[in-house]
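start05.txt (compact mmCIF, C-alpha atoms and all ligand atoms)
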# COMPACT_ATOMS: atom_id res chain seq x y z
CA MET A 240 53.07 61.37 -113.37
CA THR A 241 53.27 65.17 -113.44
CA GLN A 242 50.20 67.01 -112.09
CA PRO A 243 47.71 64.14 -112.61
CA ASN A 244 44.62 66.35 -112.49
CA LEU A 245 45.51 68.53 -115.45
CA SER A 246 43.42 67.99 -118.58
CA LEU A 247 45.05 67.34 -121.94
CA ALA A 248 44.13 70.85 -123.16
CA GLU A 249 45.73 72.39 -120.06
CA ARG A 250 48.86 70.32 -120.56
CA ALA A 251 49.02 71.44 -124.19
CA THR A 252 48.76 75.07 -123.06
CA GLN A 253 51.57 74.55 -120.54
CA VAL A 254 53.87 73.39 -123.34
CA LEU A 255 52.89 76.41 -125.47
CA ASN A 256 53.65 78.73 -122.55
CA THR A 257 57.14 77.26 -121.96
CA ALA A 258 59.78 79.46 -123.59
CA ASN A 259 63.02 77.47 -123.29
CA GLY A 260 63.43 74.92 -126.09
CA ALA A 261 64.90 72.08 -124.01
CA GLU A 262 62.30 72.61 -121.27
CA LYS A 263 59.48 72.78 -123.82
CA ALA A 264 60.62 69.49 -125.39
CA ALA A 265 61.01 67.79 -121.99
CA LEU A 266 57.57 68.90 -120.75
CA SER A 267 56.04 67.85 -124.06
CA ARG A 268 57.52 64.36 -123.73
CA ARG A 269 56.34 64.03 -120.10
CA HIS A 270 52.78 65.04 -120.98
CA ALA A 271 52.79 62.69 -123.97
CA ALA A 272 53.98 59.78 -121.77
CA ASP A 273 51.25 60.58 -119.22
CA TRP A 274 48.60 60.68 -121.95
CA MET A 275 49.71 57.35 -123.40
CA ALA A 276 49.75 55.77 -119.91
CA SER A 277 46.27 57.09 -119.29
CA ARG A 278 45.01 55.72 -122.61
CA SER A 279 46.52 52.28 -122.04
CA GLY A 280 44.79 52.11 -118.66
CA THR A 281 47.99 51.98 -116.60
CA HIS A 282 47.07 55.32 -115.10
CA ALA A 283 43.96 57.31 -114.21
CA ALA A 284 42.20 58.79 -117.24
CA ILE A 285 43.15 62.30 -118.36
CA GLU A 286 40.23 64.38 -119.63
CA ILE A 287 40.43 66.29 -122.90
CA GLY A 288 39.14 69.42 -121.12
CA THR A 289 39.35 72.95 -122.43
CA ALA A 290 41.97 75.70 -122.13
CA THR A 291 42.86 79.10 -123.46
CA PRO A 292 46.05 78.65 -125.47
CA PRO A 293 48.13 81.79 -126.15
CA MET A 294 47.88 83.27 -129.66
CA HIS A 295 51.68 82.99 -129.86
CA PRO A 296 53.68 80.31 -128.05
CA ALA A 297 56.40 81.43 -125.64
CA ARG A 298 59.82 81.55 -127.33
CA PRO A 299 63.36 81.67 -125.97
CA GLU A 300 65.28 84.97 -126.10
CA HIS A 301 67.52 83.41 -128.76
CA PRO A 302 67.35 82.82 -131.69
CA GLU A 303 66.58 86.28 -132.90
CA LEU A 304 63.55 86.04 -135.21
CA LEU A 305 63.92 87.76 -138.58
CA SER A 306 61.69 88.05 -141.60
CA PRO A 307 62.63 85.26 -144.08
CA ARG A 308 64.32 87.65 -146.53
CA ASP A 309 66.64 88.91 -143.78
CA VAL A 310 67.80 85.45 -142.69
CA PRO A 311 71.31 85.14 -144.21
CA LYS A 312 71.65 82.39 -146.83
CA ARG A 313 74.68 80.13 -146.59
CA LYS A 314 75.93 77.51 -149.03
CA PRO A 315 75.01 73.99 -147.80
CA GLY A 316 78.36 72.61 -149.01
CA THR A 317 80.30 74.50 -146.32
CA PRO A 318 80.57 73.80 -142.56
CA GLU A 319 78.74 77.10 -141.85
CA GLY A 320 76.07 76.15 -144.36
CA ARG A 321 75.51 72.78 -142.71
CA ILE A 322 75.18 74.43 -139.29
CA ALA A 323 72.72 76.97 -140.73
CA LEU A 324 70.68 74.16 -142.30
CA LEU A 325 70.52 72.20 -139.03
CA HIS A 326 69.67 75.37 -137.14
CA ALA A 327 66.75 75.99 -139.49
CA VAL A 328 65.57 72.40 -138.98
CA ALA A 329 65.78 72.78 -135.18
CA HIS A 330 63.63 75.89 -135.46
CA ILE A 331 61.07 74.02 -137.59
CA GLU A 332 60.97 71.15 -135.09
CA LEU A 333 60.42 73.49 -132.14
CA ASN A 334 57.58 75.19 -134.00
CA ALA A 335 56.17 71.77 -134.84
CA VAL A 336 56.07 70.84 -131.14
CA ASP A 337 53.94 73.92 -130.57
CA LEU A 338 51.79 73.36 -133.67
CA HIS A 339 50.78 69.87 -132.58
CA TRP A 340 49.95 70.92 -129.00
CA ASP A 341 48.16 73.97 -130.38
CA ILE A 342 45.76 71.88 -132.51
CA ILE A 343 44.89 69.94 -129.34
CA ALA A 344 44.35 72.99 -127.13
CA ARG A 345 42.77 75.25 -129.74
CA PHE A 346 40.21 72.73 -131.00
CA SER A 347 39.55 70.71 -127.83
CA HIS A 348 35.93 71.94 -127.89
CA VAL A 349 35.32 70.23 -131.28
CA PRO A 350 33.91 66.74 -130.68
CA MET A 351 36.45 64.33 -132.21
CA PRO A 352 37.20 60.64 -131.69
CA MET A 353 39.91 59.94 -129.10
CA GLY A 354 42.20 58.77 -131.89
CA PHE A 355 42.47 62.40 -133.04
CA PHE A 356 44.08 63.36 -129.73
CA ASP A 357 46.22 60.20 -129.64
CA ASP A 358 47.64 61.05 -133.07
CA TRP A 359 48.54 64.65 -132.27
CA VAL A 360 50.03 63.79 -128.88
CA LYS A 361 52.21 61.18 -130.61
CA ALA A 362 53.20 63.71 -133.29
CA ALA A 363 54.06 66.32 -130.63
CA ASP A 364 56.16 63.74 -128.77
CA GLU A 365 58.04 62.89 -131.96
CA GLU A 366 58.69 66.57 -132.77
CA SER A 367 60.13 67.00 -129.27
CA LYS A 368 62.43 64.05 -129.93
CA HIS A 369 63.36 65.56 -133.33
CA PHE A 370 64.22 68.89 -131.70
CA ASN A 371 66.46 67.12 -129.17
CA LEU A 372 68.13 65.03 -131.89
CA ILE A 373 68.91 68.10 -134.01
CA CYS A 374 70.17 69.99 -130.96
CA ASP A 375 72.60 67.09 -130.37
CA CYS A 376 73.69 67.31 -134.02
CA LEU A 377 74.27 71.07 -133.69
CA ASP A 378 76.26 70.36 -130.56
CA SER A 379 78.43 67.86 -132.43
CA LEU A 380 79.29 70.64 -134.92
CA GLY A 381 80.14 73.07 -132.12
CA SER A 382 76.95 75.12 -132.35
CA HIS A 383 73.56 75.27 -130.59
CA TYR A 384 69.95 76.32 -131.15
CA GLY A 385 69.85 80.08 -130.67
CA ALA A 386 73.32 80.71 -132.14
CA LEU A 387 71.88 82.01 -135.44
CA PRO A 388 68.84 84.07 -136.39
CA ALA A 389 65.71 82.17 -137.44
CA HIS A 390 62.58 82.59 -139.52
CA SER A 391 59.83 84.68 -137.87
CA GLY A 392 56.93 83.67 -140.10
CA MET A 393 56.46 80.13 -138.93
CA TRP A 394 53.45 80.75 -136.69
CA ARG A 395 51.44 82.52 -139.36
CA ALA A 396 49.60 79.37 -140.51
CA ALA A 397 48.51 78.70 -136.94
CA GLU A 398 47.18 82.23 -136.51
CA ASP A 399 45.39 82.22 -139.85
CA THR A 400 43.62 78.94 -139.09
CA ALA A 401 42.96 79.49 -135.37
CA GLN A 402 39.19 79.34 -135.97
CA ASP A 403 39.08 76.64 -138.62
CA LEU A 404 40.06 73.04 -137.86
CA MET A 405 39.75 71.88 -141.46
CA GLY A 406 41.84 74.85 -142.59
CA ARG A 407 44.46 73.98 -139.94
CA LEU A 408 44.67 70.37 -141.12
CA ALA A 409 44.86 71.42 -144.78
CA VAL A 410 47.64 73.98 -144.28
CA VAL A 411 49.80 72.61 -141.45
CA PRO A 412 50.17 68.85 -141.89
CA MET A 413 48.95 68.55 -145.50
CA VAL A 414 50.89 71.50 -146.98
CA LEU A 415 53.74 72.48 -144.63
CA GLU A 416 54.66 69.06 -143.24
CA ALA A 417 54.17 67.48 -146.69
CA ARG A 418 56.69 70.04 -147.98
CA GLY A 419 59.10 68.63 -145.41
CA LEU A 420 58.79 65.24 -147.13
CA ASP A 421 59.75 66.89 -150.44
CA VAL A 422 62.92 68.55 -149.16
CA THR A 423 64.28 66.11 -146.55
CA PRO A 424 65.98 63.66 -148.98
CA GLY A 425 68.09 66.54 -150.33
CA MET A 426 69.10 67.52 -146.80
CA ILE A 427 70.04 63.95 -145.94
CA GLU A 428 72.25 63.96 -149.04
CA VAL A 429 74.06 67.11 -147.83
CA PHE A 430 75.09 65.33 -144.60
CA ARG A 431 75.84 62.03 -146.34
CA ARG A 432 78.26 63.83 -148.65
CA ALA A 433 79.87 65.56 -145.69
CA LYS A 434 80.38 62.11 -144.08
CA LEU A 435 78.40 62.95 -140.95
CA PRO A 436 76.61 59.64 -140.24
CA GLN A 437 75.16 60.69 -136.87
CA ILE A 438 73.34 63.53 -138.60
CA VAL A 439 72.24 61.29 -141.48
CA ASP A 440 70.76 58.84 -138.94
CA ALA A 441 68.90 61.63 -137.11
CA MET A 442 67.47 62.98 -140.36
CA ASN A 443 66.39 59.50 -141.44
CA ILE A 444 64.44 59.06 -138.19
CA ILE A 445 62.78 62.43 -138.75
CA TYR A 446 61.99 61.61 -142.39
CA ALA A 447 60.30 58.30 -141.47
CA GLU A 448 58.24 59.81 -138.64
CA GLU A 449 57.14 62.87 -140.59
CA VAL A 450 55.22 60.64 -143.02
CA SER A 451 52.88 59.71 -140.18
CA HIS A 452 52.23 63.36 -139.27
CA VAL A 453 51.09 64.06 -142.84
CA THR A 454 49.03 60.85 -142.66
CA TYR A 455 47.27 62.07 -139.50
CA GLY A 456 46.48 65.35 -141.24
CA SER A 457 45.00 63.62 -144.27
CA LYS A 458 43.09 61.11 -142.14
CA TRP A 459 41.36 63.70 -139.94
CA PHE A 460 40.79 66.07 -142.84
CA HIS A 461 38.98 63.30 -144.71
CA PHE A 462 37.11 62.35 -141.54
CA LEU A 463 35.74 65.91 -141.19
CA CYS A 464 34.87 66.11 -144.89
CA GLY A 465 32.93 62.86 -144.51
CA ARG A 466 31.15 64.16 -141.44
CA GLU A 467 30.13 67.32 -143.30
CA ASN A 468 29.45 65.46 -146.53
CA VAL A 469 31.70 67.68 -148.68
CA ASP A 470 34.17 66.79 -151.42
CA PRO A 471 37.67 66.56 -149.83
CA LYS A 472 39.64 67.63 -152.91
CA GLU A 473 37.51 70.71 -153.60
CA VAL A 474 37.51 71.77 -149.95
CA PHE A 475 41.27 71.24 -149.72
CA HIS A 476 41.87 73.51 -152.72
CA GLU A 477 39.55 76.16 -151.34
CA LEU A 478 41.12 76.15 -147.86
CA VAL A 479 44.72 76.18 -149.08
CA ARG A 480 43.94 79.10 -151.40
CA ARG A 481 42.26 80.94 -148.51
CA TYR A 482 44.88 80.37 -145.81
CA PHE A 483 48.18 79.63 -147.53
CA HIS A 484 49.69 82.73 -149.03
CA SER A 485 51.63 81.12 -151.82
CA THR A 486 51.45 78.48 -154.52
CA LEU A 487 52.88 75.00 -153.94
CA ARG A 488 56.30 74.31 -155.41
CA PRO A 489 57.33 71.14 -157.21
CA PRO A 490 59.23 68.84 -157.25
CA PHE A 491 56.95 66.81 -154.99
CA ASN A 492 57.82 63.61 -153.21
CA GLU A 493 54.94 61.76 -154.83
CA GLU A 494 55.81 58.43 -153.25
CA LYS A 495 55.84 59.65 -149.64
CA ARG A 496 52.86 61.92 -150.25
CA ALA A 497 50.97 58.87 -151.53
CA ASP A 498 52.06 56.89 -148.43
CA ALA A 499 50.59 59.72 -146.37
CA GLY A 500 47.27 59.66 -148.22
CA ILE A 501 47.68 62.78 -150.36
CA PRO A 502 47.03 62.10 -154.06
CA PRO A 503 48.55 64.23 -156.87
CA ASP A 504 45.25 65.91 -157.77
CA PHE A 505 45.27 67.51 -154.30
CA TYR A 506 48.55 69.41 -154.79
CA TRP A 507 49.24 69.82 -158.52
CA PRO A 508 46.31 72.23 -159.11
CA LEU A 509 47.78 74.51 -156.41
CA THR A 510 51.09 75.03 -158.21
CA GLU A 511 51.88 78.10 -160.26
CA ASP A 512 51.70 76.09 -163.42
CA PRO A 513 48.97 73.52 -162.75
CA ILE A 514 49.23 70.58 -165.07
CA ASP A 515 47.15 67.46 -165.03
CA PRO A 516 48.92 64.74 -163.11
CA THR A 517 48.70 62.42 -166.08
CA PRO A 518 49.72 58.85 -165.43
CA ARG A 519 53.08 57.94 -166.91
FE FE B 1 59.64 66.77 -136.95
FE FE B 2 56.00 66.70 -138.09

Please express the file's structure as structure tokens.
Ligand SMILES: [Fe+2]
Ligand SMILES: [Fe+2]
Amino acid sequence: MTQPNLSLAERATQVLNTANGAEKAALSRRHAADWMASRSGTHAAIEIGTATPPMHPARPEHPELLSPRDVPKRKPGTPEGRIALLHAVAHIELNAVDLHWDIIARFSHVPMPMGFFDDWVKAADEESKHFNLICDCLDSLGSHYGALPAHSGMWRAAEDTAQDLMGRLAVVPMVLEARGLDVTPGMIEVFRRAKLPQIVDAMNIIYAEEVSHVTYGSKWFHFLCGRENVDPKEVFHELVRRYFHSTLRPPFNEEKRADAGIPPDFYWPLTEDPIDPTPR
């Protein structure tokens, strides 16, 4: 066990303050294993504790971070396009590692059941595994994380919701990670067509595990709504409009969103052209 006296919030902050991607993922996995061992009783208990997480997580020198409109677009049907797509996914996964540890560190003062922390530690562990998997895929195509520029705006949702746990749950797992469920089947298809089975397998693992991250978001969002006796759908709409600076874009993966506990009347009214999700 690494540094057994550190609280969970301090461990989360350590991950946030680690700049190198591989080191961040490795530390994240060690802290997650320690937490799970502590919860199963095979090791001394780790306290939730409190910490002061940085407003921005430490980042490696590369990739260069550019505003989304300056990130060059490449056709996914070409080898360069496939590398660019994987590179963008690696960047998303690394941000996701930080996002899940950030919710733990940033909101550790909010009294929540232990299951809340278990869920986000597990999600952070899985994101770390996803980052490593995608780095291996990049490697297999002769590239690496840091070889291309990446999107600079990915931490905005975390900053905007740094004071609002319900807002964080609404925007990060229930909007951004749910969006991942919408777009991943198309990405898997790109690599299936290119006959790259190792990459297809990696993406399928990610796709399956991401459903549970959206589920955790919906579960704890509904928990807090119940505790405050407010209507979840109305509060969700209000928080997404306040903190998410865009409308939601169909097509939606209605099946996986339903698996994750997000019904159509949560997301359709937030599209540019809201239509009633009438049953077919
Ligand atoms: Fe992931
Ligand atoms: Fe995720």

Q: Have a look at A:Cys376, A:Leu478, A:Ile438, A:Ile445 and name the one nearest to ligand FE 2 (chain B); count only C-alpha atoms and all ligand atoms.
A: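 Of all the options, A:Ile445 lies closest to ligand FE 2 (chain B).
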
Q: Could you give me the residues within 7 Å of ligand FE 2 (chain B), counting all atoms listed in the file, as a ChimeraX atom specification?
A: /A:335,362,366,416,449,452

Q: Enumerate residues in contact with ligand FE 1 (chain B): an atom-to-atom distance of at most 10 Å, counting all atoms listed in the file. Format the result as a PyMOL selection string.
A: chain A and resi 328-329+331-336+362-370+373+416+419+442+444-450+452

Q. Quick one, how far is atom CA of Gly260 of chain A from atom CA of Val349 of chain A?
A. 29.0 Å

Q.
Between atom CA of Ala401 of chain A and atom CA of Ile501 of chain A, what distance in Å does the model show, to one decimal?
A.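 Straight-line distance from atom CA of Ala401 of chain A to atom CA of Ile501 of chain A works out to 22.9 Å.
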
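Picture a line from atom CA of Leu304 of chain A to atom CA of Ala323 of chain A; it runs 14.0 Å.
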
Env of Gly354 of chain A: 12 Å cut, atoms = all atoms listed in the file, seq-sep filter 3 positions within chain, self excluded. Answer as a compact mmCIF listing (two decimals) with C-alpha atoms, in the coordinates of the input.
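Output below, filename part.txt:
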# COMPACT_ATOMS: atom_id res chain seq x y z
CA TRP A 274 48.60 60.68 -121.95
CA MET A 275 49.71 57.35 -123.40
CA ARG A 278 45.01 55.72 -122.61
CA ILE A 287 40.43 66.29 -122.90
CA ILE A 343 44.89 69.94 -129.34
CA PRO A 350 33.91 66.74 -130.68
CA MET A 351 36.45 64.33 -132.21
CA ASP A 357 46.22 60.20 -129.64
CA ASP A 358 47.64 61.05 -133.07
CA TRP A 359 48.54 64.65 -132.27
CA VAL A 360 50.03 63.79 -128.88
CA LYS A 361 52.21 61.18 -130.61
CA TYR A 455 47.27 62.07 -139.50
CA LYS A 458 43.09 61.11 -142.14
CA TRP A 459 41.36 63.70 -139.94
CA PHE A 462 37.11 62.35 -141.54

Q. Skipping near chain neighbours, those fewer than 6 positions away, what residues fall within 10 Å of Phe505 of chain A using all atoms listed in the file, listed as a list of chain:residue names?
A. A:Met413, A:Pro471, A:Lys472, A:Glu473, A:Val474, A:Phe475, A:His476, A:Pro516
